[in-house]
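Undergrad: Have a look at the structure that comes next, please.
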Amino acid sequence: MLQVPFIRSNKATVIKQLAKRNIDATEMIDEVIALDENRRGLQTKLDTILSESNNLSKEIGNLFKSGEVQKANALKEQTSQLKEESKQLSDQLNQKVEALNELLYKIPNVPNDLVPAGNTDDDNEEVFRAGETPKLHDGALPHWELAKTYDIIDFELGNKITGAGFPVYKGKGAKLQRALIAYFLDKNTAAGYTEYQLPHLVNEASGFGTGQLPDKEGQMYHVTEDNLYLIPTAEVPATNLFRDNLLNESDLPIAVTGYTPCFRREAGSYGAHVRGLNRLHQFDKVEILRVEHPTRSYDALNEMVEHVKGILNELKLPYRILRLCGGDLGFTSALTYDFEVFSTAQDRWLEISSVSNFETFQANRLKLRFKNAEGKNELCHTLNGSSLALPRVLAGILENYQTPEGIQIPEVLVPYTGFDKI
RNA sequence: GGAGAAAUGGCAGAGUGGUCGAAUGCGGCAGUCUUGAAAACUGUUGAGGGUCACACCUCCGGGGGUUCGAAUCCCUCUUUCUCCGCCA
C-alpha cells in the first residue's frame, strides 16, 4: 500500500499517474488525507489525556507510599473521567485508522512514468522482439496434440485424479520439466541469486504482505481447516522471508530464487485459451526476487529483464517483451515487463514471465526496511519476476521444435535431459 | 494427539503490581590512548506515532480483561522446548 506521507506531499502526481490505470483517484486521495488529518488530531488529544492520567497515577503511587491514603483516594476519583474520555477517544481513533487502512488497501500502486496509458493488453507496448519464428512442416500440431502423440503429458489422467487444469507429465515429458527447472535454477544461481526451497502453503499475514489479501482471496486455494493458502506464486513465500525486517544498507541488494509449484483457482477462465498447457490450476515456476535500495531498483529491474532475455536466447525461442499499460498493470506493481513466447501452432503469444518493480508498495505492508546513511529507517524496494514459468515454455519448445521426425530438445537442455529428441 | 515448561531490546539474560522502555553482559557505533591496530577506559546504542524541533503517547509473542497504575495478576490465541503416543 501507498505511504500516507507520500500521498500527502505528492497528491497531484499520485492522481495523475493513477489515471493511467483509468482510475479517478481524486476522491479517494482527498479522503485519505482528510482521514489522516483527523486521525492525527485524535491521536494528539488522546495522548494529552493519557499523559494526564499517567501523571495522576504516579502521584497516587507516591501518596500511597508516603501514607497519605485519603489524598490518594481523592485523586482516584479524578481518574475515572479521564478513563472514560480516553476510552471514547481511542475507540474513535481505531475507527479512523481502520477506515484509513481499508481505503489504502483499495488504492493500487502508482505507475511509473514509463507506463503507457491504456485499457487492455492491446495497449501494451512492445519493447523488444527476438528469435525467428520457425517455418513448421505440414501437419505441425499444437502442443496438446504433440503431448498425446508422444505420450508425454496426459490431461485426461489429471482430470480423473483431480480435475481440469492438473495435467500429468510422464516419461520424457516429466524429465523435460525437471530439466527445465534445474536449468533455470542453475542460470539464476550463476547470476548471483541464492536458491531457496519454500513452503507451498502460507498464512494470512503472508498473503497480506504481498497483496493477495484482502480482496484477491478468490484466486487462491484456501485450506480452511488450518486457515492456510496454497501459494499462487513463489513470490508470496519468497517476499515474506523478509517481512518485518530492518536491514543494514550493506545487506542490500538481496537476490533470491526458488522453484515452487503454483496453485491458482482461475475462476471464470474458459474456452480455447485454457486449452492444453495455456492455463492451469497447478503449474511449476522458478521465481527470482530482489530486495533493493530505492535508488537502484530500476537498474535492478533492467538487470532482471536482461537475465530472463539471456535464458530465452539460449533456449532459442521466439519471444517478445511488453511494457504493460496502466490498465493491464498488476495492482501492486509500478512497472511490469511481460515476456511472451510465440506459440507457432496456435499462432498466439503466451505469457511466460512477468518482471515487476513494486517499489515500496509491498515493503510498506511487509515492514521491510533498511537503515539508510543518515541512520533513518527507510522502506526497501521489492522486485520479482519469473525465470521462468514452465508450462508455456514447454508449450513453446514442443511447438517450435517439432519436426516430422520428432521434437528436438534445445541444445542447452540436453545435458539436463540426457536425450536430444522426443 | 496427551502432559508439562517457556516467550523480555541485535544476542544472552535480570526483573512478579508504582519514577521499568526496562539492570547486567556481549555485540554495534563514537571518543581517549596508539605511527596504525589490538587491549583498556569513557560515552552512546530498540521501534512506531507526533512535532519545525522539543514535549508527549504507544510497544516486554498476539488479542482481551482486572487495577488509579501491568513486563509483572487473570482469560485466550500463537509459537518454542521437554516427555509420551503416532508417523514420511
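Letters for chains follow the order of the C-alpha cells (A, B, ...), residue numbers begin at 1 for each chain, and ligand numbers begin at 1 in the order shown.
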Which polymer residues have any atom within 10 Å of an atom of G13 of chain B, counting only C-alpha atoms (C1' of nucleotides), with same-chain residues fewer than 3 positions away left out, as JSON, numbers by chain?
TA: {"B": [8, 23, 24, 25]}
Undergrad: Using only C-alpha atoms (C1' of nucleotides) and a cut-off of 9 Å, which residues of chain A sit close to chain B? Please list them as a PyMOL selection string.
TA: chain A and resi 40+43-44+46-48+50-51+53-54+56-58+60-62+72-73+75-80
Undergrad: Contacts of Lys106 of chain A at 9 Å or less, counting only C-alpha atoms (C1' of nucleotides), minus same-chain residues fewer than 5 places along, as an MDAnalysis selection string?
TA: chainID A and resid 1 101 215
Undergrad: Leaving out segment 386-390 of chain A and any residue of its chain fewer than 6 positions from it, which residues lie within 9 Å of it when counting only C-alpha atoms (C1' of nucleotides), given as a ChimeraX atom specification?
TA: /A:177,180-181,184-185,188,257,283-289,307-308,311,351-355
Undergrad: Would you list the contacts of segment 24-30 of chain A as an mmCIF file with all heavy atoms, in the first residue's frame, taking every protein, DNA or RNA residue within 10 Å and counting only C-alpha atoms (C1' of nucleotides), but skipping same-chain residues closer than 6 positions in sequence?
TA:
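Final file, part15.cif:
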data_model
loop_
_atom_site.group_PDB
_atom_site.id
_atom_site.type_symbol
_atom_site.label_atom_id
_atom_site.label_comp_id
_atom_site.auth_asym_id
_atom_site.auth_seq_id
_atom_site.Cartn_x
_atom_site.Cartn_y
_atom_site.Cartn_z
ATOM 1 N N VAL A 4 1.139 7.157 3.478
ATOM 2 C CA VAL A 4 0.337 8.373 3.610
ATOM 3 C C VAL A 4 1.172 9.649 3.452
ATOM 4 O O VAL A 4 0.760 10.567 2.745
ATOM 5 C CB VAL A 4 -0.443 8.374 4.936
ATOM 6 C CG1 VAL A 4 -1.215 9.669 5.105
ATOM 7 C CG2 VAL A 4 -1.405 7.193 4.971
ATOM 8 N N ILE A 7 1.597 10.292 -0.140
ATOM 9 C CA ILE A 7 0.366 10.787 -0.761
ATOM 10 C C ILE A 7 0.176 12.263 -0.436
ATOM 11 O O ILE A 7 -0.153 13.074 -1.300
ATOM 12 C CB ILE A 7 -0.862 9.983 -0.263
ATOM 13 C CG1 ILE A 7 -0.780 8.538 -0.745
ATOM 14 C CG2 ILE A 7 -2.160 10.626 -0.739
ATOM 15 C CD1 ILE A 7 -1.901 7.641 -0.248
ATOM 16 N N ARG A 8 0.421 12.595 0.824
ATOM 17 C CA ARG A 8 0.206 13.973 1.258
ATOM 18 C C ARG A 8 1.056 14.944 0.448
ATOM 19 O O ARG A 8 0.604 15.994 0.021
ATOM 20 C CB ARG A 8 0.570 14.103 2.746
ATOM 21 C CG ARG A 8 -0.641 14.232 3.636
ATOM 22 C CD ARG A 8 -0.236 14.733 4.999
ATOM 23 N NE ARG A 8 0.557 13.743 5.730
ATOM 24 C CZ ARG A 8 1.184 13.982 6.865
ATOM 25 N NH1 ARG A 8 1.127 15.193 7.411
ATOM 26 N NH2 ARG A 8 1.885 13.048 7.463
ATOM 27 N N LYS A 11 0.334 14.665 -3.875
ATOM 28 C CA LYS A 11 -1.063 14.415 -4.216
ATOM 29 C C LYS A 11 -1.334 14.506 -5.730
ATOM 30 O O LYS A 11 -1.912 13.584 -6.323
ATOM 31 C CB LYS A 11 -1.922 15.440 -3.467
ATOM 32 C CG LYS A 11 -3.395 15.238 -3.644
ATOM 33 C CD LYS A 11 -4.177 16.269 -2.845
ATOM 34 C CE LYS A 11 -5.520 16.515 -3.516
ATOM 35 N NZ LYS A 11 -6.296 17.534 -2.802
ATOM 36 N N ALA A 12 -0.895 15.588 -6.357
ATOM 37 C CA ALA A 12 -1.206 15.797 -7.782
ATOM 38 C C ALA A 12 -0.603 14.696 -8.647
ATOM 39 O O ALA A 12 -1.270 14.148 -9.535
ATOM 40 C CB ALA A 12 -0.709 17.164 -8.236
ATOM 41 N N VAL A 14 0.271 11.674 -7.757
ATOM 42 C CA VAL A 14 -0.385 10.391 -7.494
ATOM 43 C C VAL A 14 -1.666 10.284 -8.315
ATOM 44 O O VAL A 14 -1.907 9.280 -8.993
ATOM 45 C CB VAL A 14 -0.694 10.234 -5.983
ATOM 46 C CG1 VAL A 14 -1.603 9.040 -5.737
ATOM 47 C CG2 VAL A 14 0.603 10.076 -5.200
ATOM 48 N N ILE A 15 -2.470 11.322 -8.285
ATOM 49 C CA ILE A 15 -3.745 11.300 -9.023
ATOM 50 C C ILE A 15 -3.491 11.186 -10.517
ATOM 51 O O ILE A 15 -4.125 10.398 -11.224
ATOM 52 C CB ILE A 15 -4.578 12.556 -8.696
ATOM 53 C CG1 ILE A 15 -5.044 12.489 -7.237
ATOM 54 C CG2 ILE A 15 -5.777 12.676 -9.647
ATOM 55 C CD1 ILE A 15 -5.716 13.733 -6.741
ATOM 56 N N LYS A 16 -2.516 11.950 -10.990
ATOM 57 C CA LYS A 16 -2.213 11.956 -12.419
ATOM 58 C C LYS A 16 -1.734 10.580 -12.882
ATOM 59 O O LYS A 16 -2.178 10.067 -13.912
ATOM 60 C CB LYS A 16 -1.120 13.004 -12.691
ATOM 61 C CG LYS A 16 -0.796 13.155 -14.168
ATOM 62 C CD LYS A 16 0.231 14.253 -14.391
ATOM 63 C CE LYS A 16 1.185 13.850 -15.498
ATOM 64 N NZ LYS A 16 2.583 13.813 -15.123
ATOM 65 N N GLN A 17 -0.855 9.970 -12.111
ATOM 66 C CA GLN A 17 -0.300 8.676 -12.517
ATOM 67 C C GLN A 17 -1.344 7.559 -12.400
ATOM 68 O O GLN A 17 -1.352 6.637 -13.199
ATOM 69 C CB GLN A 17 0.934 8.324 -11.683
ATOM 70 C CG GLN A 17 2.134 9.216 -11.923
ATOM 71 C CD GLN A 17 2.663 9.135 -13.341
ATOM 72 O OE1 GLN A 17 2.244 9.887 -14.215
ATOM 73 N NE2 GLN A 17 3.570 8.207 -13.577
ATOM 74 N N LEU A 18 -2.174 7.649 -11.377
ATOM 75 C CA LEU A 18 -3.211 6.623 -11.220
ATOM 76 C C LEU A 18 -4.217 6.685 -12.358
ATOM 77 O O LEU A 18 -4.862 5.687 -12.693
ATOM 78 C CB LEU A 18 -3.914 6.761 -9.866
ATOM 79 C CG LEU A 18 -3.141 6.215 -8.671
ATOM 80 C CD1 LEU A 18 -3.874 6.523 -7.373
ATOM 81 C CD2 LEU A 18 -2.911 4.710 -8.792
ATOM 82 N N ASP A 36 -6.491 11.003 7.544
ATOM 83 C CA ASP A 36 -5.202 11.041 8.226
ATOM 84 C C ASP A 36 -5.096 12.247 9.143
ATOM 85 O O ASP A 36 -4.620 12.146 10.265
ATOM 86 C CB ASP A 36 -4.071 11.034 7.201
ATOM 87 C CG ASP A 36 -2.708 11.052 7.870
ATOM 88 O OD1 ASP A 36 -2.440 10.121 8.661
ATOM 89 O OD2 ASP A 36 -1.922 11.991 7.642
ATOM 90 N N LEU A 103 -9.274 2.026 3.066
ATOM 91 C CA LEU A 103 -9.183 2.846 1.868
ATOM 92 C C LEU A 103 -7.834 2.635 1.174
ATOM 93 O O LEU A 103 -7.757 2.487 -0.043
ATOM 94 C CB LEU A 103 -9.354 4.312 2.272
ATOM 95 C CG LEU A 103 -9.624 5.316 1.174
ATOM 96 C CD1 LEU A 103 -10.843 4.915 0.372
ATOM 97 C CD2 LEU A 103 -9.819 6.694 1.782
ATOM 98 N N LEU A 104 -6.786 2.604 1.969
ATOM 99 C CA LEU A 104 -5.445 2.435 1.405
ATOM 100 C C LEU A 104 -5.299 1.091 0.695
ATOM 101 O O LEU A 104 -4.617 0.999 -0.321
ATOM 102 C CB LEU A 104 -4.388 2.553 2.505
ATOM 103 C CG LEU A 104 -4.118 3.972 3.009
ATOM 104 C CD1 LEU A 104 -3.220 3.938 4.231
ATOM 105 C CD2 LEU A 104 -3.488 4.834 1.929
ATOM 106 N N LYS A 106 -7.382 -0.274 -1.034
ATOM 107 C CA LYS A 106 -8.079 -0.224 -2.326
ATOM 108 C C LYS A 106 -7.308 0.554 -3.379
ATOM 109 O O LYS A 106 -7.668 0.531 -4.552
ATOM 110 C CB LYS A 106 -9.446 0.434 -2.138
ATOM 111 C CG LYS A 106 -10.444 -0.449 -1.453
ATOM 112 C CD LYS A 106 -11.821 0.178 -1.496
ATOM 113 C CE LYS A 106 -12.756 -0.511 -0.527
ATOM 114 N NZ LYS A 106 -13.640 0.438 0.159
ATOM 115 N N ILE A 107 -6.290 1.289 -2.963
ATOM 116 C CA ILE A 107 -5.566 2.121 -3.919
ATOM 117 C C ILE A 107 -4.366 1.357 -4.460
ATOM 118 O O ILE A 107 -3.498 0.943 -3.694
ATOM 119 C CB ILE A 107 -5.105 3.440 -3.251
ATOM 120 C CG1 ILE A 107 -6.320 4.167 -2.679
ATOM 121 C CG2 ILE A 107 -4.365 4.317 -4.252
ATOM 122 C CD1 ILE A 107 -5.991 5.420 -1.901
ATOM 123 N N PRO A 108 -4.317 1.163 -5.771
ATOM 124 C CA PRO A 108 -3.204 0.409 -6.350
ATOM 125 C C PRO A 108 -1.926 1.241 -6.391
ATOM 126 O O PRO A 108 -1.950 2.444 -6.107
ATOM 127 C CB PRO A 108 -3.694 0.089 -7.756
ATOM 128 C CG PRO A 108 -4.668 1.153 -8.088
ATOM 129 C CD PRO A 108 -5.293 1.589 -6.784
#
Undergrad: Would you return as a ChimeraX atom specification the members of segment 212-255 of chain A that DSSP assigns to strand (DSSP E) on this structure's backbone?
TA: /A:222-223,228-230,246-248,254-255
Undergrad: Within 12 Å of G65 of chain B, counting only C-alpha atoms (C1' of nucleotides), which residues qualify if same-chain residues fewer than 3 places away don't, as number ranges by chain?
TA: B: 70, 73-76
Undergrad: Select from segment 35-280 of chain A everything DSSP, run on the backbone, classes as alpha helix (DSSP H), then give the selection as a PyMOL selection string.
TA: chain A and resi 35-65+69-106+143-149+155-161+172-190+204-209+235-240
Undergrad: With distances taken over only C-alpha atoms, which of A:Val32, A:Ala140, A:Leu301, A:Cys262 is nearest to Arg279 of chain A?
TA: A:Cys262
